[in-house]
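The structure under discussion appears below in the form of structure tokens.
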Amino acid sequence: MHLAYPAVLSALLFCTGLYGVLARRNAILVLMSVELMLNAVNLNLVAFDVWLSKAARETLHSGQALTLFTIAIAAAEIGIGLAIVLAVHRNRGTSDIDKLRDTSERHDPDDPDHDARPAEQSDEAQKAEATA
Amino acid sequence: MTLAATAALLATGPTTGAAAQTHGFLSPTGVEIAFLLVGLVTFGAALVTVTTRQLVHAALWLVVTLGGLAVEYLLLTAEFIAWVQVLIYVGSVVVLLLFGLMLTRAPIGRSPDADSGNRWAALAVAVAAAAALVWVVVDAFRTTWIDLDGPAAGSTEATGASLFQNWVLPFEALSVLLLAALVGAIVLSRKAKAESSSPPVNAPGVTKSSRTVTQGSGSSEQEGAR
């Protein structure tokens with residue numbers, strides 16, 4: 001098999017995940033796109049490891065070992081990420097990452113979206129918005 | 001994109017090297033045809049995952065994508081990785097994502113605000129990155145040939161031997177990391193339970209969701225105690 005096939009598929013999957021991370025608004029959909037990017041990396045690692053283990057005489061199988069590590073780290077990442085998303089959803093009433101703007105830069109003091117109102121009021125407004 | 005690249009390869013293929021002479025892109029082997037077909041299904045499912053407006057459908061299309069990747073691992077003779085992929089990704093990660101969608105009360109039907117306003121900028125970035133990556137990768141590896149004959153490179157025996165001979169220390173460090181992630185997830189849930197139980201002034205919808213989550217954390221505590 002040509003190495004170009006898995007490499008191209010991996011690049012395309014990575015860019016699909018990149019689009020998802022940049023364009024999605026729900027935090028859980030962003031986590032799904034991150035999973036897509038991690039899987040693209042895994043496919044690349046496996047393909048290059050199979051190629052090198054056949055081309056070289058002695059091999060450490062480092063690609064497959066790193067793939068297993070990546071899978072385990074991705075499982076840990078999805079667990080922690082979902083716990084954070086659930087905590088944010090419980091405190092703010094939303095998992096919409098466009099509305100979580102408390103740490104954004106506030107260069108325009110007249111902008112009503114940023115800091116015209118105090119933080120408590122915006123929290124209450126977000127909770128009321130979530131219950132509506 | 002890939003068709004154009006393949007056509008360009010066909011034009012320059014026979015002069016670039018011995019590998020391209022013996023294995024041209026015009027006469028694909030059966031494994032390559034299977035890889036291409038499964039790869040098309042995988043890529044299409046990934047595209048639907050990042051573009052659909054129904055949140056639960058996105059998770060279900062993600063199952064198709066991850067399963068297709070498992071088949072690609074099998075075609076690359078990495079069978080242990082393939083079954084680990086099926087077990088962990090399709091079995092647990094997607095189920096975790098579905099639980100997350102339910103606990104955040106995602107809408108079942110179409111949600112019109114699934115995509116943010118910077119969709120076109122994201123599309124431009126992704127297409128530019130895809131073009132650059134595919135161009136570079138095809139240009140670099142168009143004559144490289146993976147020999148899939150002989151014993152499988154990723155059989156369970158080979159993977160286990162290399163993992164427990166050469167990769168023991170990272171393996172143990174990884175188990176510590178998994179334990180830390182387990183404890184971290186429980187701590188995140190518990191602290192939120194203490195906070196949400198003390199002030200009773202929350203809106204009813206918020207307290208309802210917090211009650212659901214505290215039940216979930218309680219069950220995970222029980223599992224941890226077992």
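So you can find residues: chains in the structure tokens are A, B, ... in the order shown, residues in each start at 1, and ligands are numbered from 1 in order.
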I'd like a table as a Markdown table: residues in chain A with an atom no more than 6 Å from chain B, each row giving the shortest atom pair and its distance in Å to one decimal, only C-alpha atoms counted, sorted by chain and rising residue number.
| residue | atom | partner | partner_atom | distance |
| --- | --- | --- | --- | --- |
| A:Met1 | CA | B:Ile146 | CA | 5.1 |
| A:His2 | CA | B:Trp145 | CA | 4.7 |
| A:Leu3 | CA | B:Thr144 | CA | 5.7 |
| A:Ala4 | CA | B:Phe141 | CA | 5.7 |
| A:Val8 | CA | B:Val134 | CA | 5.7 |
| A:Leu12 | CA | B:Ala130 | CA | 6.0 |
| A:Cys15 | CA | B:Ala126 | CA | 5.2 |
| A:Tyr19 | CA | B:Ala126 | CA | 5.3 |
| A:Gly20 | CA | B:Val50 | CA | 5.0 |
| A:Leu22 | CA | B:Ala122 | CA | 5.4 |
| A:Ala23 | CA | B:Arg119 | CA | 4.8 |
| A:Arg24 | CA | B:Asp115 | CA | 4.6 |
| A:Arg25 | CA | B:Ser116 | CA | 5.2 |
| A:Val50 | CA | B:Ala153 | CA | 5.8 |
| A:Trp51 | CA | B:Ile146 | CA | 4.9 |
| A:Ala76 | CA | B:Ala181 | CA | 5.6 |
| A:Ile80 | CA | B:Ala185 | CA | 5.5 |
| A:Ala83 | CA | B:Ala185 | CA | 5.9 |
| A:Arg90 | CA | B:Ser210 | CA | 5.7 |
| A:Thr131 | CA | B:Gly205 | CA | 5.3 |
Those same residues - C-alpha atoms - I'd like them written as a CSV table (one decimal), in the first residue's frame.
chain,number,residue,atom,x,y,z
A,1,MET,CA,0.0,0.0,0.0
A,2,HIS,CA,1.2,3.5,-0.8
A,3,LEU,CA,2.0,5.5,2.3
A,4,ALA,CA,0.3,8.5,0.7
A,8,VAL,CA,-3.7,12.0,3.0
A,12,LEU,CA,-8.0,15.4,5.7
A,15,CYS,CA,-8.5,19.5,9.0
A,19,TYR,CA,-12.9,23.1,11.2
A,20,GLY,CA,-15.1,21.6,13.9
A,22,LEU,CA,-13.1,26.6,15.1
A,23,ALA,CA,-16.7,26.6,13.9
A,24,ARG,CA,-18.7,24.8,16.5
A,25,ARG,CA,-20.4,26.6,19.4
A,50,VAL,CA,3.9,-0.2,9.9
A,51,TRP,CA,6.1,1.2,7.2
A,76,ALA,CA,-8.5,10.9,30.3
A,80,ILE,CA,-11.9,15.7,32.5
A,83,ALA,CA,-16.5,17.1,33.9
A,90,ARG,CA,-24.3,23.8,36.2
A,131,THR,CA,-34.3,28.7,32.6
According to DSSP computed on the backbone, where in chain A is there helix (DSSP H, G or I)? Give the residues as number ranges by chain. A: 4-23, 27-55, 62-92, 119-131
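Atom to atom, atom CA of Leu100 of chain A and atom CA of Leu60 of chain B stand 26.9 Å apart.
DSSP, applied to the backbone of this structure, assigns strand (DSSP E or B) to the following residues of chain A: His2, Arg24, Asn26 and Asp96 of chain A.
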For the selection you just gave me, I'd like the residues written to a file as a tab-separated table (two decimals), in the first residue's frame, keeping C-alpha atoms.
chain	number	residue	atom	x	y	z
A	2	HIS	CA	1.23	3.47	-0.79
A	24	ARG	CA	-18.74	24.77	16.55
A	26	ASN	CA	-21.42	23.81	21.77
A	96	ASP	CA	-22.25	27.62	24.72
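Taking atom CA of Ser53 of chain A as the reference point, atom CA of Ala74 of chain A is found at 25.0 Å.
Atom CA of Arg110 of chain B to atom CA of His57 of chain B spans 9.8 Å [interatomic distance, one decimal].
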